[in-house]
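What follows is the content of model.csv, which has CSV, C-alpha atoms and all ligand atoms:
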```csv
chain,number,residue,atom,x,y,z
A,1,MET,CA,-14.3,28.5,42.2
A,2,THR,CA,-16.8,26.6,44.4
A,3,THR,CA,-15.9,26.0,48.0
A,4,ILE,CA,-18.0,23.9,50.4
A,5,ALA,CA,-17.3,24.6,54.1
A,6,ILE,CA,-18.0,21.9,56.6
A,7,ASP,CA,-17.7,22.5,60.3
A,8,GLY,CA,-18.6,20.7,63.5
A,9,PRO,CA,-17.3,19.1,66.7
A,10,ALA,CA,-15.2,15.9,66.9
A,11,ALA,CA,-16.8,12.6,65.8
A,12,ALA,CA,-19.9,14.2,64.4
A,13,GLY,CA,-19.3,12.5,61.1
A,14,LYS,CA,-18.1,15.5,59.1
A,15,GLY,CA,-14.9,13.8,57.9
A,16,THR,CA,-16.7,10.9,56.2
A,17,LEU,CA,-19.4,13.2,54.9
A,18,SER,CA,-16.8,15.6,53.5
A,19,ARG,CA,-15.0,12.8,51.6
A,20,LEU,CA,-18.3,11.5,50.1
A,21,ILE,CA,-19.2,15.1,49.0
A,22,ALA,CA,-15.8,15.7,47.5
A,23,ASP,CA,-16.1,12.4,45.6
A,24,ALA,CA,-19.6,13.1,44.4
A,25,TYR,CA,-18.8,16.6,43.0
A,26,GLY,CA,-15.2,15.9,41.9
A,27,PHE,CA,-13.8,18.4,44.3
A,28,HIS,CA,-10.5,18.5,46.2
A,29,HIS,CA,-10.8,17.8,49.9
A,30,LEU,CA,-8.8,19.1,52.8
A,31,ASP,CA,-9.4,17.9,56.4
A,32,THR,CA,-8.0,20.9,58.2
A,33,GLY,CA,-7.8,19.0,61.5
A,34,LEU,CA,-4.9,17.2,60.0
A,35,THR,CA,-3.0,20.4,59.6
A,36,TYR,CA,-3.3,21.1,63.4
A,37,ARG,CA,-2.5,17.5,64.1
A,38,ALA,CA,0.7,17.6,61.9
A,39,VAL,CA,2.0,20.6,63.8
A,40,ALA,CA,1.2,18.9,67.1
A,41,LYS,CA,2.9,15.6,66.0
A,42,ALA,CA,6.1,17.5,64.8
A,43,LEU,CA,6.4,19.1,68.3
A,44,LEU,CA,5.7,15.8,70.1
A,45,ASP,CA,8.2,13.9,68.0
A,46,ALA,CA,10.9,16.6,68.6
A,47,GLY,CA,10.2,16.6,72.3
A,48,LEU,CA,9.2,20.3,72.1
A,49,PRO,CA,6.6,22.0,74.4
A,50,LEU,CA,3.0,22.4,73.1
A,51,ASP,CA,2.6,25.9,74.6
A,52,ASP,CA,5.5,27.8,73.0
A,53,GLU,CA,3.9,29.9,70.3
A,54,ALA,CA,7.2,30.8,68.5
A,55,VAL,CA,8.2,27.2,68.2
A,56,ALA,CA,4.8,26.0,67.1
A,57,VAL,CA,4.6,28.8,64.4
A,58,ARG,CA,7.9,27.7,62.9
A,59,SER,CA,6.5,24.2,62.5
A,60,ALA,CA,3.1,25.5,61.2
A,61,SER,CA,4.8,27.6,58.5
A,62,GLU,CA,6.7,24.6,57.2
A,63,ILE,CA,3.5,22.5,56.7
A,64,ASP,CA,3.2,20.5,53.5
A,65,LEU,CA,-0.4,19.9,52.7
A,66,SER,CA,0.4,17.1,50.3
A,67,GLY,CA,2.2,15.1,53.0
A,68,LEU,CA,-0.7,14.8,55.5
A,69,ASP,CA,-1.2,11.1,56.4
A,70,ARG,CA,-4.5,10.4,58.2
A,71,ALA,CA,-3.4,7.0,59.4
A,72,VAL,CA,-0.3,8.4,61.1
A,73,LEU,CA,-2.1,11.5,62.5
A,74,SER,CA,-5.3,10.0,63.7
A,75,ALA,CA,-4.0,8.8,67.1
A,76,HIS,CA,-6.1,10.1,70.0
A,77,GLY,CA,-3.2,11.8,71.8
A,78,ILE,CA,-2.3,13.8,68.7
A,79,GLY,CA,-5.9,15.1,68.5
A,80,GLU,CA,-5.7,16.2,72.1
A,81,ALA,CA,-2.3,17.9,71.5
A,82,ALA,CA,-3.7,19.5,68.3
A,83,SER,CA,-6.5,21.2,70.2
A,84,LYS,CA,-3.9,22.7,72.6
A,85,ILE,CA,-1.7,24.2,69.8
A,86,ALA,CA,-4.9,25.3,68.0
A,87,VAL,CA,-5.6,28.0,70.6
A,88,MET,CA,-2.5,30.0,69.6
A,89,PRO,CA,-3.4,32.8,67.1
A,90,ALA,CA,-0.1,32.9,65.3
A,91,VAL,CA,-0.3,29.1,64.6
A,92,ARG,CA,-3.8,29.6,63.3
A,93,ARG,CA,-2.8,32.4,61.0
A,94,ALA,CA,0.0,30.3,59.4
A,95,LEU,CA,-2.3,27.3,58.9
A,96,VAL,CA,-5.3,29.4,57.7
A,97,GLU,CA,-3.1,30.9,55.0
A,98,ALA,CA,-2.2,27.4,53.7
A,99,GLN,CA,-5.8,26.3,53.9
A,100,ARG,CA,-7.0,29.4,52.0
A,101,SER,CA,-4.6,28.7,49.2
A,102,PHE,CA,-5.8,25.1,49.0
A,103,ALA,CA,-9.4,26.4,48.8
A,104,ARG,CA,-8.6,28.2,45.5
A,105,LYS,CA,-8.0,24.9,43.6
A,106,ALA,CA,-10.1,24.3,40.5
A,107,PRO,CA,-12.7,23.1,39.9
A,108,GLY,CA,-13.7,23.3,43.6
A,109,THR,CA,-12.9,22.3,47.1
A,110,VAL,CA,-14.4,20.8,50.3
A,111,LEU,CA,-12.7,21.9,53.5
A,112,ASP,CA,-13.7,20.5,56.9
A,113,GLY,CA,-12.8,21.7,60.3
A,114,ARG,CA,-14.0,24.0,63.1
A,115,ASP,CA,-13.7,27.6,61.6
A,116,ILE,CA,-14.1,27.1,57.8
A,117,GLY,CA,-17.4,28.8,57.4
A,118,THR,CA,-16.6,31.5,59.9
A,119,VAL,CA,-12.9,32.4,59.3
A,120,VAL,CA,-11.1,30.4,56.6
A,121,CYS,CA,-13.7,30.7,53.8
A,122,PRO,CA,-16.4,33.1,54.9
A,123,ASP,CA,-17.5,33.4,51.3
A,124,ALA,CA,-17.9,29.7,50.7
A,125,LYS,CA,-20.8,28.9,48.4
A,126,VAL,CA,-22.2,26.3,50.8
A,127,LYS,CA,-21.7,26.0,54.6
A,128,LEU,CA,-22.7,23.0,56.6
A,129,TYR,CA,-22.5,22.6,60.3
A,130,VAL,CA,-22.5,18.9,61.2
A,131,THR,CA,-23.2,18.0,64.8
A,132,ALA,CA,-24.6,15.2,67.1
A,133,SER,CA,-25.1,14.9,70.8
A,134,PRO,CA,-21.9,14.3,72.9
A,135,GLU,CA,-23.2,10.8,73.9
A,136,VAL,CA,-23.8,9.8,70.3
A,137,ARG,CA,-20.3,11.1,69.3
A,138,ALA,CA,-18.7,9.3,72.2
A,139,ARG,CA,-20.5,6.1,71.3
A,140,ARG,CA,-19.2,6.3,67.7
A,141,ARG,CA,-15.7,6.9,68.9
A,142,TYR,CA,-15.9,4.1,71.5
A,143,ASP,CA,-17.2,1.6,68.8
A,144,GLU,CA,-14.4,2.7,66.4
A,145,MET,CA,-11.8,2.2,69.1
A,146,ALA,CA,-13.3,-1.2,70.1
A,147,ALA,CA,-13.3,-2.3,66.4
A,148,GLY,CA,-9.6,-1.4,66.2
A,149,GLY,CA,-8.9,-3.5,69.3
A,150,VAL,CA,-8.4,-0.5,71.7
A,151,GLN,CA,-9.9,-1.0,75.2
A,152,ALA,CA,-11.5,2.1,76.7
A,153,GLU,CA,-14.1,3.1,79.2
A,154,PHE,CA,-17.2,4.8,77.7
A,155,ALA,CA,-17.2,7.4,80.4
A,156,THR,CA,-13.6,8.3,79.6
A,157,VAL,CA,-14.3,8.6,75.9
A,158,LEU,CA,-17.3,10.9,76.7
A,159,ALA,CA,-15.2,13.0,79.1
A,160,ASP,CA,-12.5,13.4,76.3
A,161,ILE,CA,-15.2,14.5,73.8
A,162,GLU,CA,-16.7,17.0,76.3
A,163,ARG,CA,-13.2,18.4,77.2
A,164,ARG,CA,-12.3,18.9,73.5
A,165,ASP,CA,-15.7,20.6,72.8
A,166,ALA,CA,-15.1,23.0,75.7
A,167,ARG,CA,-11.6,23.8,74.4
A,168,ASP,CA,-12.7,24.3,70.8
A,169,MET,CA,-15.8,26.2,71.6
A,170,GLY,CA,-14.3,28.3,74.4
A,171,ARG,CA,-11.1,29.6,72.8
A,172,ALA,CA,-10.9,33.3,72.1
A,173,ASP,CA,-9.5,33.0,68.5
A,174,SER,CA,-11.9,31.3,66.0
A,175,PRO,CA,-14.1,29.3,68.4
A,176,LEU,CA,-16.1,26.4,67.0
A,177,LYS,CA,-19.6,27.7,66.2
A,178,PRO,CA,-22.0,27.6,63.2
A,179,ALA,CA,-21.7,30.4,60.7
A,180,SER,CA,-24.8,32.5,60.7
A,181,ASP,CA,-25.6,31.2,57.1
A,182,ALA,CA,-24.7,27.5,57.8
A,183,HIS,CA,-27.1,24.7,57.2
A,184,LEU,CA,-27.4,22.5,60.3
A,185,ILE,CA,-27.2,18.7,59.9
A,186,ASP,CA,-27.7,16.8,63.2
A,187,THR,CA,-26.5,13.2,62.8
A,188,SER,CA,-27.6,12.1,66.2
A,189,THR,CA,-30.4,9.9,64.8
A,190,MET,CA,-29.1,9.7,61.2
A,191,GLY,CA,-26.8,7.3,59.4
A,192,ILE,CA,-24.1,8.5,57.1
A,193,GLU,CA,-26.2,7.8,54.0
A,194,ALA,CA,-29.1,9.9,55.2
A,195,ALA,CA,-26.7,12.7,56.2
A,196,PHE,CA,-25.1,12.5,52.7
A,197,GLN,CA,-28.5,12.8,51.0
A,198,ALA,CA,-29.4,15.8,53.2
A,199,ALA,CA,-26.1,17.4,52.4
A,200,ARG,CA,-26.6,16.8,48.6
A,201,ALA,CA,-30.0,18.4,48.6
A,202,ILE,CA,-28.6,21.5,50.2
A,203,ILE,CA,-25.6,21.6,47.9
A,204,ASP,CA,-27.5,21.0,44.7
A,205,ALA,CA,-30.0,23.8,45.6
A,206,ALA,CA,-27.1,26.2,46.3
A,207,LEU,CA,-25.2,25.3,43.1
A,208,LYS,CA,-28.2,25.6,40.8
A,301,LIG,O1,-10.9,17.5,63.5
A,301,LIG,P1,-9.8,16.9,64.3
A,301,LIG,O2,-10.2,16.2,65.5
A,301,LIG,O3,-8.8,16.2,63.5
A,301,LIG,O4,-9.1,18.3,64.8
A,301,LIG,C1,-8.1,18.2,65.8
A,301,LIG,C2,-8.1,19.6,66.6
A,301,LIG,O5,-7.6,20.6,65.7
A,301,LIG,C3,-9.5,20.1,67.0
A,301,LIG,O6,-9.9,19.6,68.3
A,301,LIG,C4,-9.3,21.6,67.0
A,301,LIG,O7,-8.8,22.0,68.2
A,301,LIG,C5,-8.3,21.8,66.0
A,301,LIG,N1,-8.8,22.3,64.7
A,301,LIG,C6,-9.1,23.7,64.7
A,301,LIG,N2,-9.6,24.3,63.5
A,301,LIG,C7,-9.8,23.5,62.4
A,301,LIG,C8,-9.6,22.1,62.5
A,301,LIG,C9,-9.1,21.5,63.7
A,301,LIG,O8,-8.9,24.4,65.6
A,301,LIG,N3,-10.3,24.1,61.3
```
Could the structure of this file be written out as structure tokens, please?
Amino acid sequence: MTTIAIDGPAAAGKGTLSRLIADAYGFHHLDTGLTYRAVAKALLDAGLPLDDEAVAVRSASEIDLSGLDRAVLSAHGIGEAASKIAVMPAVRRALVEAQRSFARKAPGTVLDGRDIGTVVCPDAKVKLYVTASPEVRARRRYDEMAAGGVQAEFATVLADIERRDARDMGRADSPLKPASDAHLIDTSTMGIEAAFQAARAIIDAALK
């Protein structure tokens, strides 16, 4: 089974890139961020606290990977809540177990997130770490929000990105970092098509 692991910070372009790669190679795709978001949303909807590990684990162990709806889970507030519940080791263990069983699907899988190459699938055939400067990522997020009719201050969007980076990179369990054998793709000055071509060259070489 071939697994492609794609990690990186928020708004680096790894979601779009992962979908293009999965389509190109005919592999199943899982955006693992949606699993953390689904747990956060379930707690928010039920009016439950985001810092009670026992409560969050119960929700994490009931996760149904086939029911993850990006449109419903993409709200900014859910991302923020997801990064809070993602610091809890027992929540991570439950979600990682579900993610690993997805990774075994034939003929192959693409998983994207923060800890795929380091923790979830350390034996992945190909590991990519997709990043861009905080300013470029904030600009993309800001433009996306503006296109969707959402008013925001650029400085606030940048501060949100930097706060999320600090939480994801600074947590004790499975912090965001490139695996030692990951290929780095910096999309700061690259469009999605150039990033896709760079990724394809790396994947083709690894699968040969
Ligand atoms: O990628 P996305 O923004 O949807 O992820 C939401 C949050 O879920 C991240 O900020 C991170 O805290 C958490 N996450 C994680 N590990 C993953 C995927 C996401 O901790 N593999």
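Comparing A:Gly13, A:Gly47, A:Gly148, A:Pro134 by their smallest distance to ligand LIG 301 (chain A), the closest is A:Gly13 (using all atoms listed in the file).
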Show me, as a short mmCIF file (atom, residue, chain, number, x, y, z; two decimals) with C-alpha atoms, keeping the file's coordinate frame, the residues that have an atom within 9 Å of Leu176 (chain A) when counting all atoms listed in the file, minus same-chain residues fewer than 4 positions from it.
```cif
data_model
loop_
_atom_site.label_atom_id
_atom_site.label_comp_id
_atom_site.auth_asym_id
_atom_site.auth_seq_id
_atom_site.Cartn_x
_atom_site.Cartn_y
_atom_site.Cartn_z
CA ASP A 7 -17.70 22.50 60.30
CA GLY A 8 -18.60 20.70 63.50
CA PRO A 9 -17.30 19.10 66.70
CA GLY A 113 -12.80 21.70 60.30
CA ARG A 114 -14.00 24.00 63.10
CA ASP A 115 -13.70 27.60 61.60
CA THR A 118 -16.60 31.50 59.90
CA ASP A 165 -15.70 20.60 72.80
CA ASP A 168 -12.70 24.30 70.80
CA MET A 169 -15.80 26.20 71.60
CA GLY A 170 -14.30 28.30 74.40
CA ARG A 171 -11.10 29.60 72.80
#
```
Could I get the residues of chain A with an atom no further than 8 Å from an atom of ligand LIG 301 (chain A), each paired with its nearest atom pair and that distance in Å to one decimal, using only C-alpha atoms and all ligand atoms, sorted by chain and residue number, as JSON lines?
```
{"residue": "A:Asp7", "atom": "CA", "partner": "A:LIG301", "partner_atom": "N3", "distance": 7.6}
{"residue": "A:Pro9", "atom": "CA", "partner": "A:LIG301", "partner_atom": "O1", "distance": 7.3}
{"residue": "A:Ala10", "atom": "CA", "partner": "A:LIG301", "partner_atom": "O2", "distance": 5.2}
{"residue": "A:Ala11", "atom": "CA", "partner": "A:LIG301", "partner_atom": "O2", "distance": 7.5}
{"residue": "A:Gly15", "atom": "CA", "partner": "A:LIG301", "partner_atom": "O1", "distance": 7.8}
{"residue": "A:Asp31", "atom": "CA", "partner": "A:LIG301", "partner_atom": "O1", "distance": 7.3}
{"residue": "A:Thr32", "atom": "CA", "partner": "A:LIG301", "partner_atom": "C8", "distance": 4.7}
{"residue": "A:Gly33", "atom": "CA", "partner": "A:LIG301", "partner_atom": "C9", "distance": 3.6}
{"residue": "A:Leu34", "atom": "CA", "partner": "A:LIG301", "partner_atom": "O3", "distance": 5.3}
{"residue": "A:Thr35", "atom": "CA", "partner": "A:LIG301", "partner_atom": "C8", "distance": 7.4}
{"residue": "A:Tyr36", "atom": "CA", "partner": "A:LIG301", "partner_atom": "O5", "distance": 4.9}
{"residue": "A:Arg37", "atom": "CA", "partner": "A:LIG301", "partner_atom": "C1", "distance": 5.9}
{"residue": "A:Ser74", "atom": "CA", "partner": "A:LIG301", "partner_atom": "O3", "distance": 7.1}
{"residue": "A:Ile78", "atom": "CA", "partner": "A:LIG301", "partner_atom": "C1", "distance": 7.8}
{"residue": "A:Gly79", "atom": "CA", "partner": "A:LIG301", "partner_atom": "C1", "distance": 4.7}
{"residue": "A:Glu80", "atom": "CA", "partner": "A:LIG301", "partner_atom": "O6", "distance": 6.6}
{"residue": "A:Ala81", "atom": "CA", "partner": "A:LIG301", "partner_atom": "C2", "distance": 7.8}
{"residue": "A:Ala82", "atom": "CA", "partner": "A:LIG301", "partner_atom": "C2", "distance": 4.7}
{"residue": "A:Ser83", "atom": "CA", "partner": "A:LIG301", "partner_atom": "O7", "distance": 3.2}
{"residue": "A:Lys84", "atom": "CA", "partner": "A:LIG301", "partner_atom": "O7", "distance": 6.6}
{"residue": "A:Ile85", "atom": "CA", "partner": "A:LIG301", "partner_atom": "O7", "distance": 7.6}
{"residue": "A:Ala86", "atom": "CA", "partner": "A:LIG301", "partner_atom": "O8", "distance": 4.8}
{"residue": "A:Val87", "atom": "CA", "partner": "A:LIG301", "partner_atom": "O8", "distance": 7.0}
{"residue": "A:Arg92", "atom": "CA", "partner": "A:LIG301", "partner_atom": "O8", "distance": 7.6}
{"residue": "A:Asp112", "atom": "CA", "partner": "A:LIG301", "partner_atom": "N3", "distance": 6.6}
{"residue": "A:Gly113", "atom": "CA", "partner": "A:LIG301", "partner_atom": "N3", "distance": 3.6}
{"residue": "A:Arg114", "atom": "CA", "partner": "A:LIG301", "partner_atom": "N3", "distance": 4.1}
{"residue": "A:Asp115", "atom": "CA", "partner": "A:LIG301", "partner_atom": "N3", "distance": 4.9}
{"residue": "A:Ile116", "atom": "CA", "partner": "A:LIG301", "partner_atom": "N3", "distance": 6.0}
{"residue": "A:Val120", "atom": "CA", "partner": "A:LIG301", "partner_atom": "N3", "distance": 7.9}
{"residue": "A:Arg164", "atom": "CA", "partner": "A:LIG301", "partner_atom": "O6", "distance": 5.8}
{"residue": "A:Asp165", "atom": "CA", "partner": "A:LIG301", "partner_atom": "O6", "distance": 7.4}
{"residue": "A:Arg167", "atom": "CA", "partner": "A:LIG301", "partner_atom": "O7", "distance": 7.0}
{"residue": "A:Asp168", "atom": "CA", "partner": "A:LIG301", "partner_atom": "O7", "distance": 5.2}
{"residue": "A:Ser174", "atom": "CA", "partner": "A:LIG301", "partner_atom": "O8", "distance": 7.5}
{"residue": "A:Pro175", "atom": "CA", "partner": "A:LIG301", "partner_atom": "O8", "distance": 7.7}
{"residue": "A:Leu176", "atom": "CA", "partner": "A:LIG301", "partner_atom": "O8", "distance": 7.6}
```
Problem - Within-12 Å shell of (-29.4, 6.3, 64.3) in input frame, only C-alpha atoms, as a PyMOL selection string - result: chain A and resi 132-133+136-137+139-140+186-195
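Nearest-residue note for Val157 (chain A): choosing from A:Ala90, A:Lys14, A:Arg19, A:His76, the minimum distance belongs to A:His76, counting all atoms listed in the file.
Among the candidate residues A:Ala98, A:Met88, A:Ala198, A:Ala46, the one lying nearest to Asp64 (chain A) is A:Ala98, with distances computed using only C-alpha atoms.
In this structure, CA of Ala5 (chain A) sits 6.1 Å away from CA of Val110 (chain A).
The smallest atom-to-atom distance between Val57 (chain A) and any of A:Lys177, A:Arg141, A:His183, A:Arg93, using all atoms listed in the file, is found for A:Arg93.
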Problem - Gly117 (chain A) environment, 8 Å, only C-alpha atoms, sequence neighbours closer than 3 positions dropped, as a ChimeraX atom specification - result: /A:5-7,120-124,127-128,178-179,182
Can those selected residues be exported to a file as an mmCIF file, in the coordinates of the input so that it contains C-alpha atoms?
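The resulting out.cif:
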```cif
data_model
loop_
_atom_site.group_PDB
_atom_site.id
_atom_site.type_symbol
_atom_site.label_atom_id
_atom_site.label_comp_id
_atom_site.auth_asym_id
_atom_site.auth_seq_id
_atom_site.Cartn_x
_atom_site.Cartn_y
_atom_site.Cartn_z
ATOM 1 C CA ALA A 5 -17.300 24.600 54.100
ATOM 2 C CA ILE A 6 -18.000 21.900 56.600
ATOM 3 C CA ASP A 7 -17.700 22.500 60.300
ATOM 4 C CA VAL A 120 -11.100 30.400 56.600
ATOM 5 C CA CYS A 121 -13.700 30.700 53.800
ATOM 6 C CA PRO A 122 -16.400 33.100 54.900
ATOM 7 C CA ASP A 123 -17.500 33.400 51.300
ATOM 8 C CA ALA A 124 -17.900 29.700 50.700
ATOM 9 C CA LYS A 127 -21.700 26.000 54.600
ATOM 10 C CA LEU A 128 -22.700 23.000 56.600
ATOM 11 C CA PRO A 178 -22.000 27.600 63.200
ATOM 12 C CA ALA A 179 -21.700 30.400 60.700
ATOM 13 C CA ALA A 182 -24.700 27.500 57.800
#
```
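Reported to one decimal place, the separation of CA of Ile185 (chain A) from CA of Gly77 (chain A) is 27.7 Å.
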Exercise for the section: Take CA of Ile4 (chain A) and CA of Leu68 (chain A) and report the distance between them in Å, one decimal. Expected result: 20.2 Å
Handout entry: Exercise: Arg200 (chain A) partners within 9 Å, only C-alpha atoms, chain neighbours under 5 positions left out, as number ranges by chain
Key = A: 21, 24, 195, 205
Exercise for the section: Show which residues sit within 10 Å of Asp204 (chain A), as an NGL selection string. Count all atoms listed in the file, and ignore same-chain residues fewer than 5 positions away. Expected result: :A and (25 or 126 or 199)
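Between Tyr142 (chain A) and the candidates A:Ala155, A:Ala38, A:Ala103, A:Val130, the tightest atom-to-atom separation, counting only C-alpha atoms, involves A:Ala155.
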Name all residues at most 12 Å from Val55 (chain A) (count only C-alpha atoms; drop same-chain ones fewer than 3 positions away) and give them as a PDB file with C-alpha atoms, in the frame of the given file.
```
ATOM      1  CA  VAL A  39       2.000  20.600  63.800  1.00  0.00           C
ATOM      2  CA  ALA A  40       1.200  18.900  67.100  1.00  0.00           C
ATOM      3  CA  ALA A  42       6.100  17.500  64.800  1.00  0.00           C
ATOM      4  CA  LEU A  43       6.400  19.100  68.300  1.00  0.00           C
ATOM      5  CA  LEU A  44       5.700  15.800  70.100  1.00  0.00           C
ATOM      6  CA  ALA A  46      10.900  16.600  68.600  1.00  0.00           C
ATOM      7  CA  GLY A  47      10.200  16.600  72.300  1.00  0.00           C
ATOM      8  CA  LEU A  48       9.200  20.300  72.100  1.00  0.00           C
ATOM      9  CA  PRO A  49       6.600  22.000  74.400  1.00  0.00           C
ATOM     10  CA  LEU A  50       3.000  22.400  73.100  1.00  0.00           C
ATOM     11  CA  ASP A  51       2.600  25.900  74.600  1.00  0.00           C
ATOM     12  CA  ASP A  52       5.500  27.800  73.000  1.00  0.00           C
ATOM     13  CA  ARG A  58       7.900  27.700  62.900  1.00  0.00           C
ATOM     14  CA  SER A  59       6.500  24.200  62.500  1.00  0.00           C
ATOM     15  CA  ALA A  60       3.100  25.500  61.200  1.00  0.00           C
ATOM     16  CA  SER A  61       4.800  27.600  58.500  1.00  0.00           C
ATOM     17  CA  GLU A  62       6.700  24.600  57.200  1.00  0.00           C
ATOM     18  CA  ILE A  85      -1.700  24.200  69.800  1.00  0.00           C
ATOM     19  CA  MET A  88      -2.500  30.000  69.600  1.00  0.00           C
ATOM     20  CA  ALA A  90      -0.100  32.900  65.300  1.00  0.00           C
ATOM     21  CA  VAL A  91      -0.300  29.100  64.600  1.00  0.00           C
TER      22      VAL A  91
END
```
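Residue nearest Ile203 (chain A), chosen from A:His29, A:Lys125, A:Arg104, A:Lys41 and counting only C-alpha atoms: A:Lys125.
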